[in-house]
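Colleague: Input file: model_12.cif. Contents: mmCIF, C-alpha atoms and all ligand atoms.
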```cif
data_model
loop_
_atom_site.label_atom_id
_atom_site.label_comp_id
_atom_site.auth_asym_id
_atom_site.auth_seq_id
_atom_site.Cartn_x
_atom_site.Cartn_y
_atom_site.Cartn_z
CA MET C 1 -7.16 -9.61 -31.26
CA ALA C 2 -6.71 -8.31 -27.74
CA LYS C 3 -9.36 -9.27 -25.23
CA LEU C 4 -11.37 -6.80 -23.15
CA GLN C 5 -11.60 -7.44 -19.41
CA VAL C 6 -14.05 -5.52 -17.24
CA ALA C 7 -12.80 -5.10 -13.65
CA ILE C 8 -15.79 -4.94 -11.33
CA ASP C 9 -14.64 -3.04 -8.29
CA LEU C 10 -18.07 -2.89 -6.64
CA LEU C 11 -18.95 -4.34 -3.25
CA LYS C 12 -22.20 -6.26 -3.74
CA THR C 13 -22.79 -9.36 -5.85
CA GLU C 14 -26.16 -8.02 -7.03
CA ASP C 15 -24.50 -4.83 -8.28
CA ALA C 16 -21.76 -6.87 -9.99
CA LEU C 17 -24.37 -9.06 -11.68
CA ALA C 18 -26.30 -6.00 -12.85
CA LEU C 19 -23.16 -4.40 -14.29
CA ALA C 20 -22.01 -7.63 -15.92
CA THR C 21 -25.42 -8.05 -17.54
CA LYS C 22 -25.06 -4.62 -19.18
CA VAL C 23 -21.51 -5.09 -20.46
CA ALA C 24 -21.25 -8.84 -21.15
CA PRO C 25 -21.92 -8.50 -24.90
CA TYR C 26 -18.75 -6.40 -25.27
CA VAL C 27 -16.26 -8.10 -22.93
CA ASP C 28 -14.36 -11.38 -22.97
CA ILE C 29 -13.34 -11.57 -19.31
CA ILE C 30 -15.33 -10.57 -16.22
CA GLU C 31 -13.10 -9.69 -13.29
CA LEU C 32 -14.32 -9.80 -9.72
CA GLY C 33 -12.22 -7.13 -8.02
CA THR C 34 -10.42 -7.82 -4.76
CA PRO C 35 -12.84 -5.66 -2.70
CA LEU C 36 -15.83 -7.56 -4.13
CA ILE C 37 -14.32 -10.93 -3.21
CA LYS C 38 -13.40 -9.69 0.26
CA SER C 39 -16.90 -8.33 0.71
CA GLU C 40 -18.93 -11.24 -0.66
CA GLY C 41 -16.59 -14.22 -0.61
CA LEU C 42 -16.31 -17.16 -3.00
CA ALA C 43 -20.08 -17.17 -3.56
CA ALA C 44 -19.70 -14.08 -5.73
CA ILE C 45 -17.44 -16.02 -8.11
CA THR C 46 -19.97 -18.83 -8.38
CA ALA C 47 -22.83 -16.39 -8.96
CA ILE C 48 -21.02 -14.65 -11.82
CA LYS C 49 -19.88 -17.90 -13.45
CA ASN C 50 -23.39 -19.36 -13.24
CA ALA C 51 -24.85 -16.21 -14.80
CA PHE C 52 -22.19 -15.97 -17.55
CA PRO C 53 -20.95 -19.50 -18.27
CA ASP C 54 -19.57 -18.46 -21.67
CA LYS C 55 -17.34 -15.69 -20.25
CA LYS C 56 -13.98 -16.16 -18.58
CA VAL C 57 -14.28 -15.30 -14.90
CA PHE C 58 -11.25 -13.66 -13.32
CA ALA C 59 -10.89 -13.76 -9.54
CA ASP C 60 -8.59 -10.94 -8.42
CA PHE C 61 -7.35 -12.65 -5.25
CA LYS C 62 -3.91 -10.94 -5.27
CA THR C 63 -2.64 -14.00 -3.41
CA ALA C 64 0.66 -13.62 -1.52
CA ASP C 65 1.01 -17.08 0.06
CA ALA C 66 -0.53 -20.56 -0.07
CA GLY C 67 -0.80 -20.32 -3.84
CA GLU C 68 -1.98 -23.86 -4.50
CA LEU C 69 -4.65 -23.74 -1.79
CA GLU C 70 -6.05 -20.33 -2.77
CA ALA C 71 -6.02 -21.15 -6.48
CA ASP C 72 -7.83 -24.41 -5.78
CA MET C 73 -10.48 -22.46 -3.82
CA ALA C 74 -10.98 -19.97 -6.64
CA PHE C 75 -11.17 -22.60 -9.39
CA LYS C 76 -13.57 -24.79 -7.39
CA ALA C 77 -15.82 -21.73 -6.99
CA GLY C 78 -15.92 -21.25 -10.78
CA ALA C 79 -13.02 -18.95 -11.62
CA ASP C 80 -11.12 -19.38 -14.87
CA TYR C 81 -8.24 -17.18 -13.72
CA ILE C 82 -6.78 -16.22 -10.35
CA THR C 83 -4.22 -13.49 -9.65
CA ILE C 84 -1.08 -14.16 -7.65
CA LEU C 85 1.19 -11.27 -6.65
CA GLY C 86 4.39 -11.03 -8.63
CA SER C 87 6.15 -9.71 -5.52
CA THR C 88 5.71 -13.08 -3.82
CA GLY C 89 8.08 -16.03 -4.11
CA ASN C 90 8.21 -18.33 -7.10
CA SER C 91 7.02 -21.26 -4.96
CA THR C 92 3.67 -19.52 -4.36
CA ILE C 93 3.24 -18.92 -8.09
CA ALA C 94 4.33 -22.47 -8.93
CA GLY C 95 1.80 -23.85 -6.43
CA ALA C 96 -0.99 -21.87 -8.06
CA VAL C 97 0.11 -23.07 -11.51
CA LYS C 98 -0.06 -26.65 -10.21
CA ALA C 99 -3.69 -26.09 -9.15
CA ALA C 100 -4.47 -24.37 -12.46
CA LYS C 101 -3.17 -27.35 -14.42
CA ALA C 102 -5.27 -29.72 -12.30
CA HIS C 103 -8.40 -27.69 -13.09
CA GLY C 104 -7.55 -26.74 -16.69
CA LYS C 105 -7.54 -23.03 -15.68
CA GLY C 106 -4.99 -20.21 -15.60
CA VAL C 107 -2.84 -18.13 -13.28
CA VAL C 108 -2.29 -14.42 -13.88
CA VAL C 109 0.59 -12.73 -12.08
CA ASP C 110 -0.22 -9.21 -10.89
CA THR C 111 2.88 -6.97 -10.90
CA ILE C 112 1.39 -4.33 -8.59
CA GLY C 113 4.21 -2.93 -6.45
CA VAL C 114 6.95 -4.74 -8.41
CA ALA C 115 9.88 -2.42 -9.21
CA ASP C 116 10.94 -4.06 -12.48
CA ARG C 117 7.69 -5.31 -13.96
CA VAL C 118 9.17 -6.43 -17.29
CA LYS C 119 11.92 -8.53 -15.69
CA ARG C 120 9.44 -10.15 -13.30
CA ALA C 121 6.98 -10.79 -16.13
CA GLN C 122 9.68 -12.64 -18.04
CA GLU C 123 10.68 -14.65 -14.96
CA VAL C 124 7.19 -15.78 -13.99
CA THR C 125 6.23 -16.66 -17.56
CA GLU C 126 8.82 -19.44 -17.24
CA LEU C 127 6.72 -20.84 -14.38
CA GLY C 128 3.78 -21.52 -16.69
CA VAL C 129 1.41 -18.65 -15.95
CA ALA C 130 -1.28 -17.74 -18.50
CA PHE C 131 -0.22 -14.09 -18.73
CA VAL C 132 1.15 -11.29 -16.59
CA GLU C 133 -0.76 -8.17 -15.59
CA LEU C 134 1.31 -5.00 -15.90
CA HIS C 135 -0.60 -3.12 -13.25
CA ALA C 136 -0.64 0.26 -11.58
CA GLY C 137 -3.22 -0.01 -8.81
CA LEU C 138 -5.80 2.58 -7.81
CA ASP C 139 -3.50 4.23 -5.25
CA GLU C 140 -0.58 4.45 -7.68
CA GLN C 141 -2.90 5.95 -10.31
CA ALA C 142 -3.86 8.65 -7.81
CA GLU C 143 -0.23 9.66 -7.28
CA GLU C 144 0.90 12.88 -8.92
CA GLY C 145 2.42 12.43 -12.35
CA TYR C 146 1.03 8.94 -12.99
CA SER C 147 0.74 8.01 -16.65
CA ILE C 148 -0.42 4.72 -18.14
CA GLN C 149 2.19 5.29 -20.86
CA VAL C 150 4.75 3.59 -18.58
CA LEU C 151 2.76 0.34 -18.72
CA ILE C 152 2.22 0.68 -22.47
CA ASP C 153 5.97 1.05 -23.05
CA GLU C 154 6.66 -1.93 -20.79
CA ALA C 155 4.15 -4.10 -22.65
CA ALA C 156 5.81 -3.27 -25.96
CA ARG C 157 9.18 -4.56 -24.75
CA ALA C 158 8.05 -7.41 -22.46
CA GLY C 159 8.18 -10.11 -25.13
CA VAL C 160 5.78 -12.29 -23.10
CA PRO C 161 1.95 -12.28 -22.92
CA VAL C 162 0.78 -9.36 -20.77
CA SER C 163 -2.35 -7.46 -19.87
CA ILE C 164 -2.44 -3.78 -18.95
CA ALA C 165 -4.43 -2.47 -15.98
CA GLY C 166 -4.09 0.99 -14.55
CA GLY C 167 -6.67 3.40 -15.82
CA VAL C 168 -7.33 2.02 -19.31
CA ASN C 169 -9.92 4.29 -20.93
CA LEU C 170 -11.13 5.55 -24.29
CA ASP C 171 -8.08 7.79 -24.66
CA SER C 172 -5.51 5.09 -23.97
CA ILE C 173 -6.99 1.85 -25.28
CA LYS C 174 -5.71 2.25 -28.85
CA ALA C 175 -2.13 2.57 -27.53
CA VAL C 176 -2.77 -0.40 -25.23
CA LYS C 177 -3.81 -2.43 -28.27
CA ASP C 178 -0.81 -1.27 -30.30
CA SER C 179 1.55 -2.26 -27.46
CA GLY C 180 0.79 -5.92 -28.16
CA ALA C 181 -0.91 -6.54 -24.81
CA VAL C 182 -3.16 -9.60 -25.02
CA VAL C 183 -5.76 -8.17 -22.62
CA ALA C 184 -6.89 -4.61 -21.85
CA VAL C 185 -8.38 -4.27 -18.37
CA ALA C 186 -10.90 -1.48 -17.77
CA GLY C 187 -12.48 -0.88 -14.39
CA GLY C 188 -13.44 2.71 -13.62
CA ALA C 189 -13.80 3.57 -17.30
CA ILE C 190 -16.73 1.12 -17.43
CA TYR C 191 -18.31 0.90 -13.95
CA GLY C 192 -17.84 4.63 -13.41
CA ALA C 193 -19.38 5.61 -16.76
CA GLU C 194 -22.85 7.11 -17.00
CA ASP C 195 -23.71 4.35 -19.46
CA PRO C 196 -21.47 1.32 -18.79
CA ALA C 197 -22.77 -0.61 -21.80
CA GLU C 198 -21.94 2.26 -24.16
CA ALA C 199 -18.51 2.63 -22.54
CA ALA C 200 -17.75 -1.07 -22.94
CA LYS C 201 -19.03 -1.04 -26.50
CA ALA C 202 -16.80 1.92 -27.39
CA LEU C 203 -13.74 0.32 -25.77
CA ARG C 204 -14.46 -2.93 -27.63
CA ALA C 205 -14.73 -1.08 -30.94
CA LEU C 206 -11.31 0.51 -30.43
CA LEU C 207 -9.74 -2.86 -29.66
CA ASN C 208 -11.08 -4.51 -32.82
O1 LIG C 301 -7.13 -4.42 -9.65
C1 LIG C 301 -7.48 -3.26 -9.56
C2 LIG C 301 -7.05 -2.41 -8.44
O2 LIG C 301 -6.14 -3.07 -7.63
C3 LIG C 301 -8.38 -2.68 -10.62
O3 LIG C 301 -9.42 -3.56 -10.86
C4 LIG C 301 -7.58 -2.42 -11.88
O4 LIG C 301 -6.64 -1.39 -11.60
C5 LIG C 301 -8.46 -1.97 -13.05
O5 LIG C 301 -9.25 -0.89 -12.71
P1 LIG C 301 -9.05 0.59 -13.32
O6 LIG C 301 -9.26 0.48 -14.80
O7 LIG C 301 -10.12 1.41 -12.63
O8 LIG C 301 -7.65 0.98 -12.98
#
```
Please express what this file holds, its structure, as structure tokens.
Modeller:
Amino acid sequence: MAKLQVAIDLLKTEDALALATKVAPYVDIIELGTPLIKSEGLAAITAIKNAFPDKKVFADFKTADAGELEADMAFKAGADYITILGSTGNSTIAGAVKAAKAHGKGVVVDTIGVADRVKRAQEVTELGVAFVELHAGLDEQAEEGYSIQVLIDEAARAGVPVSIAGGVNLDSIKAVKDSGAVVAVAGGAIYGAEDPAEAAKALRALLN
């Protein structure tokens, strides 16, 4: 069964904790978004892990260099997963995988900005990453003509474990599930909902 990941793109740890408290019963992975980590630092990771020790905590570092060092920082703070950019060199990803193995944690490669996401997903899977995020970021989603269907089609032909992030919502999550993606990532569809718990519950139900 595909896992549900909530992406918390808020700026304050207290707001992230409040949101996570509402949606935790329905999600498997709690993601601290890049803006939250930049705003609050590693302490935000520790706060979320301490509050939700049974959930996987995903630190969206989007690391581009010093993979081993940054992964070590994230894992020491309590993260279970760190993201490394797929557009960076294999040595950065391999360094992060080395740190992940030392901590018994995982690396997720984020394909944001990568031209051929499927090819890169297949390449980096060989390096020992946990899974690859087929991702259209917030700016790409805002571009005219954007459709999550591109990511869904890519997931179906990737042949390696992938997540999908890029505007997953109630309309698209069934297709995300059917694509074979191992994780569905939902940010705005949950934190932007009038009732985030109901939104997460409904997304969960469609994944089951
Ligand atoms: O990593 C991100 C942006 O870089 C977001 O967290 C990710 O895109 C998921 O959020 P949404 O469902 O709102 O697209």
Colleague: Within 6 Å of ligand LIG 301 (chain C), counting only C-alpha atoms and all ligand atoms, which protein or nucleic acid residues do you find, written as a count of residues only?
Modeller: 13
Colleague: Which is closer to Ile82 (chain C) than all the others in C:Asn50, C:Val114, C:Val129, C:Arg120, using only C-alpha atoms?
Modeller: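 For Ile82 (chain C), the nearest of the candidates is C:Val129.
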Colleague: Just give me the gap between CA of Arg204 (chain C) and CA of Ala156 (chain C) in Å, one decimal is fine.
Modeller: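 For CA of Arg204 (chain C) relative to CA of Ala156 (chain C), the distance reads 20.3 Å.
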Colleague: Write out as a list in words each polymer residue whose atoms come within 9 Å of Ala59 (chain C), counting all atoms listed in the file; drop sequence neighbours fewer than 6 positions from it.
Modeller: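 So, after excluding close chain neighbours, the residues are Ile30, Glu31, Leu32, Gly33, Thr34, Ile37, Ile45, Ala74, Phe75, Ala79, Asp80, Tyr81, Ile82 and Thr83 of chain C.
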Colleague: Using only C-alpha atoms, which of C:Val109, C:Ala71, C:Leu127, C:Val162 sits nearest Ala181 (chain C)?
Modeller: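 Closest to Ala181 (chain C) of all the choices is C:Val162.
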Colleague: Determine the nearest neighbour of Arg117 (chain C) from the options C:Gly192, C:Pro25, C:Gly86, C:Gly78, counting only C-alpha atoms.
Modeller: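 Of the candidates, the smallest distance to Arg117 (chain C) is held by C:Gly86.
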Colleague: Rank C:Ala121, C:Val57, C:Val182, C:Ile148 by their smallest atom-to-atom distance to Gly106 (chain C), using only C-alpha atoms, and report the top residue only.
Modeller: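 Comparing C:Ala121, C:Val57, C:Val182, C:Ile148 against Gly106 (chain C), the winner is C:Val57.
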Colleague: For Gly67 (chain C), which residue out of C:His135, C:Lys98, C:Lys49, C:Lys38 is the nearest one, using all atoms listed in the file?
Modeller: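 Using all atoms listed in the file, Gly67 (chain C) sits closest to C:Lys98.
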Colleague: When distances are computed from only C-alpha atoms, which of C:Ala142, C:Val132, C:Asp65, C:Leu206 shows the smallest separation from Asn169 (chain C)?
Modeller: C:Leu206
Colleague: Extract, using only C-alpha atoms, all DNA, RNA and protein residues at most 9 Å from Ala77 (chain C), discarding same-chain residues fewer than 5 positions from it, and format them as a PyMOL selection string.
Modeller: chain C and resi 42-46+49+72
Colleague: Determine, counting only C-alpha atoms, which protein, DNA and RNA residues have an atom within 12 Å of an atom of Gly180 (chain C); residues of the same chain fewer than 5 positions away are not included. Present the result as a PyMOL selection string.
Modeller: chain C and resi 1-3+151-164+173-175+207
Colleague: Can you measure CA of Ala199 (chain C) to CA of Tyr146 (chain C) for me? One decimal in Å is fine.
Modeller: 22.6 Å
Colleague: Record the distance separating CA of Ile48 (chain C) and CA of Ala100 (chain C), expressed in Å with one decimal.
Modeller: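 Going from CA of Ile48 (chain C) over to CA of Ala100 (chain C), I get 19.2 Å.
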Colleague: Around (-23.7, -11.5, -11.9) in the file's own coordinates, what residues are found within 6 Å if you use only C-alpha atoms, given back as a PDB file with C-alpha atoms, in the frame of the given file?
Modeller:
```pdb
ATOM      1  CA  ALA C  16     -21.760  -6.870  -9.990  1.00  0.00           C
ATOM      2  CA  LEU C  17     -24.370  -9.060 -11.680  1.00  0.00           C
ATOM      3  CA  ALA C  20     -22.010  -7.630 -15.920  1.00  0.00           C
ATOM      4  CA  ALA C  47     -22.830 -16.390  -8.960  1.00  0.00           C
ATOM      5  CA  ILE C  48     -21.020 -14.650 -11.820  1.00  0.00           C
ATOM      6  CA  ALA C  51     -24.850 -16.210 -14.800  1.00  0.00           C
TER       7      ALA C  51
END
```
Colleague: I'd like the neighbourhood of Ala66 (chain C) as a PyMOL selection string, where a residue qualifies if any of its atoms comes within 12 Å (using only C-alpha atoms), though same-chain residues fewer than 5 positions away should be ignored.
Modeller: chain C and resi 61+71-73+84-85+88-99
